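Structure file protein.cif with mmCIF, N, CA and C atoms:
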```cif
data_input
loop_
_atom_site.label_atom_id
_atom_site.label_comp_id
_atom_site.auth_asym_id
_atom_site.auth_seq_id
_atom_site.Cartn_x
_atom_site.Cartn_y
_atom_site.Cartn_z
N MET A 10 0.18 7.53 8.45
CA MET A 10 -1.10 6.88 8.38
C MET A 10 -0.88 5.40 8.68
N ALA A 11 -1.61 4.89 9.61
CA ALA A 11 -1.48 3.48 9.97
C ALA A 11 -2.79 2.78 9.72
N THR A 12 -2.67 1.51 9.44
CA THR A 12 -3.85 0.69 9.28
C THR A 12 -3.62 -0.61 10.02
N ALA A 13 -4.66 -1.26 10.39
CA ALA A 13 -4.56 -2.53 11.11
C ALA A 13 -5.19 -3.62 10.26
N LEU A 14 -4.72 -4.82 10.45
CA LEU A 14 -5.25 -5.96 9.72
C LEU A 14 -5.68 -7.00 10.73
N ARG A 15 -6.89 -7.47 10.57
CA ARG A 15 -7.42 -8.53 11.42
C ARG A 15 -7.99 -9.58 10.49
N VAL A 16 -7.56 -10.81 10.68
CA VAL A 16 -8.03 -11.91 9.85
C VAL A 16 -8.79 -12.88 10.72
N SER A 17 -10.02 -13.17 10.34
CA SER A 17 -10.83 -14.17 11.04
C SER A 17 -10.95 -15.37 10.12
N LEU A 18 -10.65 -16.53 10.67
CA LEU A 18 -10.74 -17.74 9.87
C LEU A 18 -12.15 -18.28 9.90
N VAL A 19 -12.77 -18.26 8.75
CA VAL A 19 -14.10 -18.83 8.63
C VAL A 19 -14.07 -19.92 7.56
N GLY A 20 -12.88 -20.39 7.29
CA GLY A 20 -12.68 -21.40 6.25
C GLY A 20 -13.11 -22.78 6.71
N THR A 21 -12.65 -23.75 6.00
CA THR A 21 -13.03 -25.13 6.27
C THR A 21 -12.41 -25.63 7.57
N LYS A 22 -12.99 -26.66 8.12
CA LYS A 22 -12.44 -27.29 9.32
C LYS A 22 -11.04 -27.83 9.04
N GLU A 23 -10.84 -28.31 7.81
CA GLU A 23 -9.53 -28.85 7.43
C GLU A 23 -8.46 -27.76 7.48
N LEU A 24 -8.77 -26.56 6.97
CA LEU A 24 -7.82 -25.46 7.01
C LEU A 24 -7.52 -25.09 8.46
N GLN A 25 -8.53 -24.98 9.28
CA GLN A 25 -8.31 -24.62 10.68
C GLN A 25 -7.47 -25.68 11.40
N ARG A 26 -7.73 -26.95 11.12
CA ARG A 26 -6.97 -28.03 11.75
C ARG A 26 -5.51 -27.96 11.35
N ARG A 27 -5.23 -27.76 10.06
CA ARG A 27 -3.83 -27.70 9.59
C ARG A 27 -3.11 -26.46 10.10
N LEU A 28 -3.81 -25.36 10.22
CA LEU A 28 -3.18 -24.14 10.75
C LEU A 28 -2.76 -24.32 12.20
N LYS A 29 -3.58 -25.04 12.98
CA LYS A 29 -3.24 -25.28 14.38
C LYS A 29 -2.00 -26.15 14.51
N GLN A 30 -1.73 -26.97 13.50
CA GLN A 30 -0.57 -27.87 13.53
C GLN A 30 0.72 -27.17 13.08
N MET A 31 0.61 -25.99 12.51
CA MET A 31 1.79 -25.31 11.98
C MET A 31 2.68 -24.78 13.09
N ASN A 32 3.94 -24.76 12.81
CA ASN A 32 4.94 -24.17 13.67
C ASN A 32 4.70 -22.66 13.72
N PRO A 33 4.73 -22.02 14.90
CA PRO A 33 4.53 -20.57 14.97
C PRO A 33 5.49 -19.77 14.09
N ALA A 34 6.69 -20.27 13.87
CA ALA A 34 7.65 -19.56 13.00
C ALA A 34 7.13 -19.49 11.57
N ILE A 35 6.39 -20.52 11.15
CA ILE A 35 5.81 -20.51 9.81
C ILE A 35 4.73 -19.44 9.73
N ASN A 36 3.90 -19.34 10.77
CA ASN A 36 2.86 -18.30 10.78
C ASN A 36 3.49 -16.91 10.72
N LYS A 37 4.60 -16.71 11.42
CA LYS A 37 5.30 -15.43 11.39
C LYS A 37 5.79 -15.12 9.97
N ARG A 38 6.30 -16.13 9.29
CA ARG A 38 6.77 -15.94 7.91
C ARG A 38 5.60 -15.64 6.98
N ILE A 39 4.48 -16.31 7.19
CA ILE A 39 3.29 -16.07 6.36
C ILE A 39 2.82 -14.62 6.52
N ILE A 40 2.79 -14.13 7.75
CA ILE A 40 2.37 -12.76 8.00
C ILE A 40 3.35 -11.79 7.35
N LYS A 41 4.64 -12.06 7.50
CA LYS A 41 5.67 -11.20 6.91
C LYS A 41 5.52 -11.14 5.39
N GLU A 42 5.35 -12.28 4.75
CA GLU A 42 5.20 -12.32 3.29
C GLU A 42 3.89 -11.67 2.86
N SER A 43 2.84 -11.84 3.64
CA SER A 43 1.55 -11.23 3.32
C SER A 43 1.62 -9.71 3.41
N LEU A 44 2.26 -9.21 4.47
CA LEU A 44 2.43 -7.77 4.62
C LEU A 44 3.22 -7.19 3.45
N LEU A 45 4.27 -7.89 3.06
CA LEU A 45 5.09 -7.41 1.94
C LEU A 45 4.29 -7.39 0.64
N GLU A 46 3.53 -8.44 0.37
CA GLU A 46 2.71 -8.47 -0.84
C GLU A 46 1.69 -7.33 -0.85
N GLY A 47 1.03 -7.12 0.29
CA GLY A 47 0.06 -6.03 0.38
C GLY A 47 0.71 -4.67 0.20
N ALA A 48 1.87 -4.48 0.82
CA ALA A 48 2.58 -3.20 0.72
C ALA A 48 3.01 -2.92 -0.72
N LEU A 49 3.46 -3.95 -1.41
CA LEU A 49 3.87 -3.76 -2.81
C LEU A 49 2.67 -3.39 -3.69
N LYS A 50 1.50 -3.93 -3.37
CA LYS A 50 0.30 -3.56 -4.11
C LYS A 50 -0.09 -2.10 -3.84
N VAL A 51 0.05 -1.66 -2.59
CA VAL A 51 -0.24 -0.26 -2.25
C VAL A 51 0.75 0.66 -2.97
N GLN A 52 2.01 0.29 -2.95
CA GLN A 52 3.05 1.08 -3.63
C GLN A 52 2.73 1.22 -5.12
N THR A 53 2.40 0.13 -5.76
CA THR A 53 2.09 0.14 -7.19
C THR A 53 0.86 0.99 -7.47
N ASN A 54 -0.18 0.83 -6.67
CA ASN A 54 -1.41 1.59 -6.87
C ASN A 54 -1.16 3.08 -6.71
N ALA A 55 -0.43 3.46 -5.66
CA ALA A 55 -0.16 4.88 -5.42
C ALA A 55 0.63 5.49 -6.58
N ALA A 56 1.64 4.80 -7.05
CA ALA A 56 2.52 5.35 -8.08
C ALA A 56 1.91 5.31 -9.47
N SER A 57 1.10 4.32 -9.76
CA SER A 57 0.64 4.17 -11.14
C SER A 57 -0.83 4.54 -11.36
N ILE A 58 -1.63 4.56 -10.30
CA ILE A 58 -3.06 4.86 -10.47
C ILE A 58 -3.43 6.18 -9.80
N GLN A 59 -2.95 6.41 -8.60
CA GLN A 59 -3.36 7.60 -7.85
C GLN A 59 -2.69 8.89 -8.33
N ILE A 60 -1.52 8.78 -8.93
CA ILE A 60 -0.82 9.95 -9.46
C ILE A 60 -0.90 9.88 -10.97
N THR A 61 -1.44 10.93 -11.59
CA THR A 61 -1.59 10.92 -13.05
C THR A 61 -0.48 11.73 -13.70
N GLY A 62 -0.24 11.42 -14.95
CA GLY A 62 0.75 12.17 -15.72
C GLY A 62 0.23 13.55 -16.06
N GLY A 63 1.11 14.48 -16.29
CA GLY A 63 0.70 15.82 -16.66
C GLY A 63 1.71 16.83 -16.17
N GLY A 64 1.38 18.08 -16.30
CA GLY A 64 2.27 19.13 -15.84
C GLY A 64 2.11 20.37 -16.67
N ARG A 65 2.81 21.41 -16.27
CA ARG A 65 2.74 22.69 -16.94
C ARG A 65 3.90 22.85 -17.90
N GLY A 66 3.71 23.74 -18.82
CA GLY A 66 4.82 24.11 -19.69
C GLY A 66 4.82 23.37 -21.00
N LYS A 67 5.57 23.92 -21.93
CA LYS A 67 5.67 23.38 -23.28
C LYS A 67 6.26 21.97 -23.24
N GLY A 68 5.58 21.06 -23.90
CA GLY A 68 6.08 19.69 -23.99
C GLY A 68 5.93 18.87 -22.72
N LYS A 69 5.29 19.42 -21.71
CA LYS A 69 5.15 18.70 -20.44
C LYS A 69 3.83 17.97 -20.33
N GLY A 70 2.94 18.15 -21.28
CA GLY A 70 1.67 17.43 -21.22
C GLY A 70 0.56 18.31 -20.70
N LEU A 71 -0.34 17.72 -19.97
CA LEU A 71 -1.53 18.41 -19.48
C LEU A 71 -1.22 19.28 -18.27
N ALA A 72 -2.05 20.27 -18.04
CA ALA A 72 -1.94 21.10 -16.84
C ALA A 72 -2.33 20.26 -15.62
N PRO A 73 -1.80 20.60 -14.43
CA PRO A 73 -2.15 19.83 -13.23
C PRO A 73 -3.65 19.89 -12.95
N LEU A 74 -4.16 18.82 -12.42
CA LEU A 74 -5.56 18.77 -12.01
C LEU A 74 -5.68 19.37 -10.61
N ARG A 75 -6.80 19.99 -10.32
CA ARG A 75 -6.97 20.65 -9.02
C ARG A 75 -7.12 19.65 -7.87
N ASN A 76 -7.84 18.55 -8.08
CA ASN A 76 -8.14 17.63 -6.99
C ASN A 76 -7.42 16.30 -7.07
N LYS A 77 -6.57 16.13 -8.07
CA LYS A 77 -5.81 14.89 -8.18
C LYS A 77 -4.36 15.24 -8.47
N LEU A 78 -3.48 14.53 -7.86
CA LEU A 78 -2.07 14.81 -8.01
C LEU A 78 -1.59 14.42 -9.39
N THR A 79 -0.87 15.33 -10.02
CA THR A 79 -0.26 15.04 -11.32
C THR A 79 1.25 15.07 -11.16
N SER A 80 1.93 14.37 -12.02
CA SER A 80 3.38 14.28 -11.95
C SER A 80 3.98 14.77 -13.25
N ARG A 81 4.87 15.75 -13.15
CA ARG A 81 5.56 16.25 -14.34
C ARG A 81 6.83 15.46 -14.61
N THR A 82 7.57 15.15 -13.55
CA THR A 82 8.87 14.50 -13.72
C THR A 82 8.87 13.03 -13.34
N GLY A 83 7.92 12.61 -12.54
CA GLY A 83 7.89 11.21 -12.07
C GLY A 83 8.69 11.00 -10.80
N THR A 84 9.30 12.06 -10.25
CA THR A 84 10.12 11.92 -9.05
C THR A 84 9.31 11.41 -7.87
N LEU A 85 8.12 11.97 -7.67
CA LEU A 85 7.29 11.52 -6.55
C LEU A 85 6.89 10.06 -6.73
N ARG A 86 6.51 9.69 -7.94
CA ARG A 86 6.14 8.29 -8.20
C ARG A 86 7.29 7.35 -7.85
N ARG A 87 8.48 7.71 -8.27
CA ARG A 87 9.65 6.85 -8.02
C ARG A 87 10.05 6.83 -6.55
N SER A 88 9.66 7.87 -5.80
CA SER A 88 10.06 7.94 -4.39
C SER A 88 9.19 7.08 -3.48
N ILE A 89 8.05 6.63 -3.96
CA ILE A 89 7.16 5.80 -3.13
C ILE A 89 7.81 4.43 -2.96
N ALA A 90 8.10 4.12 -1.70
CA ALA A 90 8.87 2.91 -1.42
C ALA A 90 8.27 2.14 -0.25
N VAL A 91 8.66 0.89 -0.16
CA VAL A 91 8.26 0.02 0.94
C VAL A 91 9.42 -0.03 1.93
N ASP A 92 9.13 0.26 3.19
CA ASP A 92 10.12 0.17 4.25
C ASP A 92 9.87 -1.13 5.00
N ARG A 93 10.81 -2.05 4.91
CA ARG A 93 10.65 -3.38 5.51
C ARG A 93 11.16 -3.46 6.94
N LYS A 94 11.76 -2.38 7.45
CA LYS A 94 12.36 -2.43 8.79
C LYS A 94 11.38 -2.85 9.88
N PRO A 95 10.12 -2.42 9.85
CA PRO A 95 9.20 -2.82 10.93
C PRO A 95 8.76 -4.28 10.89
N LEU A 96 9.11 -5.01 9.81
CA LEU A 96 8.70 -6.42 9.71
C LEU A 96 9.28 -7.21 10.87
N PRO A 97 8.65 -8.27 11.35
CA PRO A 97 7.63 -9.06 10.69
C PRO A 97 6.19 -8.68 11.06
N PHE A 98 5.98 -7.70 11.93
CA PHE A 98 4.61 -7.43 12.36
C PHE A 98 4.03 -6.13 11.83
N ALA A 99 4.80 -5.40 11.07
CA ALA A 99 4.32 -4.16 10.46
C ALA A 99 5.17 -3.88 9.23
N ILE A 100 4.68 -2.99 8.39
CA ILE A 100 5.42 -2.58 7.20
C ILE A 100 4.93 -1.18 6.85
N GLU A 101 5.78 -0.39 6.22
CA GLU A 101 5.42 0.98 5.89
C GLU A 101 5.59 1.22 4.39
N VAL A 102 4.70 2.05 3.85
CA VAL A 102 4.79 2.46 2.46
C VAL A 102 4.63 3.97 2.44
N GLY A 103 5.50 4.66 1.71
CA GLY A 103 5.39 6.10 1.63
C GLY A 103 6.55 6.70 0.88
N SER A 104 6.63 8.02 0.95
CA SER A 104 7.68 8.77 0.28
C SER A 104 8.43 9.59 1.31
N ASP A 105 9.74 9.73 1.11
CA ASP A 105 10.53 10.56 2.01
C ASP A 105 10.76 11.96 1.44
N LEU A 106 10.11 12.28 0.33
CA LEU A 106 10.26 13.61 -0.25
C LEU A 106 9.54 14.64 0.63
N ALA A 107 10.14 15.81 0.77
CA ALA A 107 9.58 16.86 1.62
C ALA A 107 8.21 17.31 1.15
N TYR A 108 7.95 17.25 -0.14
CA TYR A 108 6.67 17.75 -0.64
C TYR A 108 5.60 16.68 -0.75
N ALA A 109 5.89 15.46 -0.34
CA ALA A 109 4.88 14.39 -0.41
C ALA A 109 3.74 14.64 0.59
N ALA A 110 4.08 14.97 1.83
CA ALA A 110 3.05 15.19 2.85
C ALA A 110 2.14 16.38 2.51
N PRO A 111 2.67 17.54 2.07
CA PRO A 111 1.76 18.62 1.69
C PRO A 111 0.82 18.24 0.55
N HIS A 112 1.27 17.38 -0.35
CA HIS A 112 0.36 16.92 -1.39
C HIS A 112 -0.72 16.03 -0.80
N GLU A 113 -0.33 15.13 0.07
CA GLU A 113 -1.29 14.18 0.66
C GLU A 113 -2.32 14.90 1.55
N PHE A 114 -1.86 15.83 2.37
CA PHE A 114 -2.73 16.43 3.38
C PHE A 114 -3.12 17.89 3.09
N GLY A 115 -2.51 18.50 2.09
CA GLY A 115 -2.78 19.90 1.78
C GLY A 115 -1.83 20.82 2.52
N PHE A 116 -1.79 22.05 2.08
CA PHE A 116 -0.90 23.05 2.68
C PHE A 116 -1.61 24.38 2.59
N PRO A 117 -2.48 24.70 3.60
CA PRO A 117 -3.33 25.90 3.53
C PRO A 117 -2.55 27.21 3.34
N LYS A 118 -1.37 27.33 3.93
CA LYS A 118 -0.60 28.57 3.82
C LYS A 118 -0.23 28.89 2.37
N ARG A 119 -0.15 27.86 1.55
CA ARG A 119 0.20 28.06 0.15
C ARG A 119 -1.01 27.83 -0.77
N ASN A 120 -2.18 27.74 -0.15
CA ASN A 120 -3.42 27.51 -0.90
C ASN A 120 -3.36 26.21 -1.72
N LEU A 121 -2.68 25.22 -1.17
CA LEU A 121 -2.56 23.92 -1.84
C LEU A 121 -3.58 22.96 -1.21
N PRO A 122 -4.60 22.55 -1.95
CA PRO A 122 -5.58 21.62 -1.39
C PRO A 122 -4.99 20.21 -1.28
N PRO A 123 -5.57 19.40 -0.42
CA PRO A 123 -5.11 18.01 -0.36
C PRO A 123 -5.35 17.32 -1.71
N ARG A 124 -4.36 16.58 -2.15
CA ARG A 124 -4.48 15.72 -3.33
C ARG A 124 -3.88 14.38 -2.95
N PRO A 125 -4.61 13.65 -2.11
CA PRO A 125 -4.05 12.42 -1.55
C PRO A 125 -3.77 11.37 -2.61
N PHE A 126 -2.71 10.63 -2.37
CA PHE A 126 -2.35 9.52 -3.24
C PHE A 126 -2.07 8.25 -2.45
N MET A 127 -1.60 8.37 -1.21
CA MET A 127 -1.34 7.18 -0.39
C MET A 127 -2.63 6.65 0.24
N GLY A 128 -3.43 7.54 0.80
CA GLY A 128 -4.70 7.12 1.41
C GLY A 128 -5.61 6.40 0.43
N PRO A 129 -5.84 6.97 -0.75
CA PRO A 129 -6.68 6.27 -1.73
C PRO A 129 -6.07 4.94 -2.19
N ALA A 130 -4.75 4.87 -2.26
CA ALA A 130 -4.10 3.60 -2.66
C ALA A 130 -4.36 2.54 -1.59
N LEU A 131 -4.22 2.92 -0.33
CA LEU A 131 -4.49 1.99 0.77
C LEU A 131 -5.95 1.57 0.76
N ASP A 132 -6.85 2.53 0.55
CA ASP A 132 -8.29 2.20 0.49
C ASP A 132 -8.60 1.24 -0.66
N ALA A 133 -7.92 1.41 -1.78
CA ALA A 133 -8.18 0.56 -2.95
C ALA A 133 -7.67 -0.86 -2.74
N VAL A 134 -6.57 -1.00 -2.05
CA VAL A 134 -5.93 -2.32 -1.90
C VAL A 134 -6.37 -3.05 -0.63
N SER A 135 -6.76 -2.33 0.41
CA SER A 135 -7.04 -2.98 1.69
C SER A 135 -8.10 -4.08 1.65
N PRO A 136 -9.12 -4.03 0.77
CA PRO A 136 -10.04 -5.16 0.73
C PRO A 136 -9.38 -6.48 0.33
N GLN A 137 -8.20 -6.43 -0.26
CA GLN A 137 -7.49 -7.63 -0.69
C GLN A 137 -6.63 -8.24 0.42
N PHE A 138 -6.37 -7.51 1.50
CA PHE A 138 -5.42 -7.95 2.51
C PHE A 138 -5.78 -9.30 3.13
N GLY A 139 -7.03 -9.46 3.52
CA GLY A 139 -7.44 -10.74 4.11
C GLY A 139 -7.23 -11.90 3.18
N ALA A 140 -7.58 -11.70 1.91
CA ALA A 140 -7.41 -12.77 0.91
C ALA A 140 -5.95 -13.12 0.70
N ILE A 141 -5.07 -12.12 0.79
CA ILE A 141 -3.64 -12.37 0.63
C ILE A 141 -3.14 -13.28 1.74
N VAL A 142 -3.54 -13.00 2.98
CA VAL A 142 -3.11 -13.81 4.11
C VAL A 142 -3.67 -15.22 4.00
N ILE A 143 -4.96 -15.34 3.71
CA ILE A 143 -5.59 -16.66 3.58
C ILE A 143 -4.92 -17.47 2.47
N LYS A 144 -4.63 -16.83 1.34
CA LYS A 144 -3.98 -17.51 0.21
C LYS A 144 -2.64 -18.10 0.65
N ARG A 145 -1.88 -17.33 1.40
CA ARG A 145 -0.56 -17.82 1.83
C ARG A 145 -0.69 -18.93 2.88
N TRP A 146 -1.67 -18.82 3.78
CA TRP A 146 -1.88 -19.89 4.75
C TRP A 146 -2.31 -21.17 4.04
N LYS A 147 -3.21 -21.07 3.08
CA LYS A 147 -3.65 -22.25 2.34
C LYS A 147 -2.48 -22.90 1.60
N ARG A 148 -1.63 -22.05 1.00
CA ARG A 148 -0.47 -22.59 0.29
C ARG A 148 0.44 -23.35 1.24
N GLU A 149 0.67 -22.77 2.42
CA GLU A 149 1.53 -23.41 3.41
C GLU A 149 0.93 -24.70 3.95
N ALA A 150 -0.40 -24.70 4.09
CA ALA A 150 -1.10 -25.90 4.60
C ALA A 150 -1.34 -26.93 3.50
N LYS A 151 -0.91 -26.59 2.27
CA LYS A 151 -1.07 -27.47 1.11
C LYS A 151 -2.53 -27.81 0.85
N LEU A 152 -3.36 -26.76 0.87
CA LEU A 152 -4.79 -26.93 0.57
C LEU A 152 -5.11 -26.34 -0.77
#
```
Taking this structure as input, can you express it in the form of structure tokens?
Amino acid sequence: MATALRVSLVGTKELQRRLKQMNPAINKRIIKESLLEGALKVQTNAASIQITGGGRGKGKGLAPLRNKLTSRTGTLRRSIAVDRKPLPFAIEVGSDLAYAAPHEFGFPKRNLPPRPFMGPALDAVSPQFGAIVIKRWKREAKL
């Protein structure tokens, strides 16, 4: 799943003037740091909000929910990681576990409905992305 980020500067004239004076290498660093901050927020949201505790069996807590992913052991939660290799212009968040994708997208052959956790995490955090970039640009411009 990929998403794109577009930032339009509608801030003050002073912010726009200072940004034009910045070294392009600084802008590259700002984007890199912004992507990392956003990715860490998506990772946290997916692991702590989108996946609920629970499970089957004695002492394991609640039974799994039909439409929301539950975690018995926490392995899936711990597997959600940020891949920084595509930086400075992209970043990836996800799990390398074999059963992560069937949970996210469903698995009809096994009658497993989709119980997405990455998509909703991205949807929850994406409204913050523009503000993250602007915050870092303002900090760099000393505004």
Quiz item: How many Å separate atom C of A:Lys77 from atom CA of A:Arg124?
Solution: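 Straight-line distance from atom C of A:Lys77 to atom CA of A:Arg124 works out to 5.2 Å.
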Practice problem: List every protein, DNA or RNA residue with an atom no more than 8 Å from (-2.1, 21.3, -5.1) in the file's coordinates, counting only N, CA and C atoms, and format the result as a PyMOL selection string. | Solution: chain A and resi 74-79+111-112+115-116+119-124
I need the chosen residues saved as an mmCIF file, in the frame of the given file, with N, CA and C atoms.
```cif
data_model
loop_
_atom_site.group_PDB
_atom_site.id
_atom_site.type_symbol
_atom_site.label_atom_id
_atom_site.label_comp_id
_atom_site.auth_asym_id
_atom_site.auth_seq_id
_atom_site.Cartn_x
_atom_site.Cartn_y
_atom_site.Cartn_z
ATOM 1 N N LEU A 74 -4.160 18.820 -12.420
ATOM 2 C CA LEU A 74 -5.560 18.770 -12.010
ATOM 3 C C LEU A 74 -5.680 19.370 -10.610
ATOM 4 N N ARG A 75 -6.800 19.990 -10.320
ATOM 5 C CA ARG A 75 -6.970 20.650 -9.020
ATOM 6 C C ARG A 75 -7.120 19.650 -7.870
ATOM 7 N N ASN A 76 -7.840 18.550 -8.080
ATOM 8 C CA ASN A 76 -8.140 17.630 -6.990
ATOM 9 C C ASN A 76 -7.420 16.300 -7.070
ATOM 10 N N LYS A 77 -6.570 16.130 -8.070
ATOM 11 C CA LYS A 77 -5.810 14.890 -8.180
ATOM 12 C C LYS A 77 -4.360 15.240 -8.470
ATOM 13 N N LEU A 78 -3.480 14.530 -7.860
ATOM 14 C CA LEU A 78 -2.070 14.810 -8.010
ATOM 15 C C LEU A 78 -1.590 14.420 -9.390
ATOM 16 N N THR A 79 -0.870 15.330 -10.020
ATOM 17 C CA THR A 79 -0.260 15.040 -11.320
ATOM 18 C C THR A 79 1.250 15.070 -11.160
ATOM 19 N N PRO A 111 2.670 17.540 2.070
ATOM 20 C CA PRO A 111 1.760 18.620 1.690
ATOM 21 C C PRO A 111 0.820 18.240 0.550
ATOM 22 N N HIS A 112 1.270 17.380 -0.350
ATOM 23 C CA HIS A 112 0.360 16.920 -1.390
ATOM 24 C C HIS A 112 -0.720 16.030 -0.800
ATOM 25 N N GLY A 115 -2.510 18.500 2.090
ATOM 26 C CA GLY A 115 -2.780 19.900 1.780
ATOM 27 C C GLY A 115 -1.830 20.820 2.520
ATOM 28 N N PHE A 116 -1.790 22.050 2.080
ATOM 29 C CA PHE A 116 -0.900 23.050 2.680
ATOM 30 C C PHE A 116 -1.610 24.380 2.590
ATOM 31 N N ARG A 119 -0.150 27.860 1.550
ATOM 32 C CA ARG A 119 0.200 28.060 0.150
ATOM 33 C C ARG A 119 -1.010 27.830 -0.770
ATOM 34 N N ASN A 120 -2.180 27.740 -0.150
ATOM 35 C CA ASN A 120 -3.420 27.510 -0.900
ATOM 36 C C ASN A 120 -3.360 26.210 -1.720
ATOM 37 N N LEU A 121 -2.680 25.220 -1.170
ATOM 38 C CA LEU A 121 -2.560 23.920 -1.840
ATOM 39 C C LEU A 121 -3.580 22.960 -1.210
ATOM 40 N N PRO A 122 -4.600 22.550 -1.950
ATOM 41 C CA PRO A 122 -5.580 21.620 -1.390
ATOM 42 C C PRO A 122 -4.990 20.210 -1.280
ATOM 43 N N PRO A 123 -5.570 19.400 -0.420
ATOM 44 C CA PRO A 123 -5.110 18.010 -0.360
ATOM 45 C C PRO A 123 -5.350 17.320 -1.710
ATOM 46 N N ARG A 124 -4.360 16.580 -2.150
ATOM 47 C CA ARG A 124 -4.480 15.720 -3.330
ATOM 48 C C ARG A 124 -3.880 14.380 -2.950
#
```
Quiz item: If you count only N, CA and C atoms, which residues fall within 6.5 Å of A:Val142, apart from same-chain ones fewer than 4 positions away, as a PyMOL selection string?
Solution: chain A and resi 39+43+137-138+146-147
Can you write just those residues out, N, CA and C atoms, as a JSON list (two decimals), in the coordinates of the input?
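Generated file (again-v8.json):
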```
[["chain", "number", "residue", "atom", "x", "y", "z"],
["A", 39, "ILE", "N", 4.48, -16.31, 7.19],
["A", 39, "ILE", "CA", 3.29, -16.07, 6.36],
["A", 39, "ILE", "C", 2.82, -14.62, 6.52],
["A", 43, "SER", "N", 2.84, -11.84, 3.64],
["A", 43, "SER", "CA", 1.55, -11.23, 3.32],
["A", 43, "SER", "C", 1.62, -9.71, 3.41],
["A", 137, "GLN", "N", -8.20, -6.43, -0.26],
["A", 137, "GLN", "CA", -7.49, -7.63, -0.69],
["A", 137, "GLN", "C", -6.63, -8.24, 0.42],
["A", 138, "PHE", "N", -6.37, -7.51, 1.50],
["A", 138, "PHE", "CA", -5.42, -7.95, 2.51],
["A", 138, "PHE", "C", -5.78, -9.30, 3.13],
["A", 146, "TRP", "N", -1.67, -18.82, 3.78],
["A", 146, "TRP", "CA", -1.88, -19.89, 4.75],
["A", 146, "TRP", "C", -2.31, -21.17, 4.04],
["A", 147, "LYS", "N", -3.21, -21.07, 3.08],
["A", 147, "LYS", "CA", -3.65, -22.25, 2.34],
["A", 147, "LYS", "C", -2.48, -22.90, 1.60]]
```
Practice problem: Tell me, in Å to one decimal, how far atom CA of A:Gly139 is from atom N of A:Glu46. | Solution: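 Separating atom CA of A:Gly139 from atom N of A:Glu46 is a distance of 11.8 Å.
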Quiz item: What is the atom N of A:Ala107-atom N of A:Ala130 distance in Å, reported with one decimal?
Solution: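 Going from atom N of A:Ala107 over to atom N of A:Ala130 covers 18.7 Å.
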Quiz item: Restricting the calculation to only N, CA and C atoms, which member of A:Thr61, A:Asn36, A:Asn54, A:Ser80 is positioned closest to A:Ala133?
Solution: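 Among the listed residues, A:Asn54 lies closest to A:Ala133.
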Quiz item: Could you name the residues that touch A:Ala55 at 6.5 Å or less, counting all atoms listed in the file, but leaving out those on the same chain fewer than 4 positions away, as a list of chain:residue names?
Solution: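 The filter keeps A:Lys50, A:Val51, A:Gln59, A:Ile60, A:Arg86, A:Phe126, A:Met127, A:Ala130.
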Quiz prompt | Residue among A:Pro117, A:Asn32, A:Gln52, A:Ile89 lying closest to A:Asp105, counting all atoms listed in the file | solution =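 Under the stated criterion, the closest residue is A:Ile89.
By chain and then residue number, the residues within 8 Å of A:Leu85 are Ala55, Ala56, Ser104, Leu106, Tyr108 and Ala109 of chain A, counting only N, CA and C atoms and disregarding those fewer than 6 positions away in sequence.
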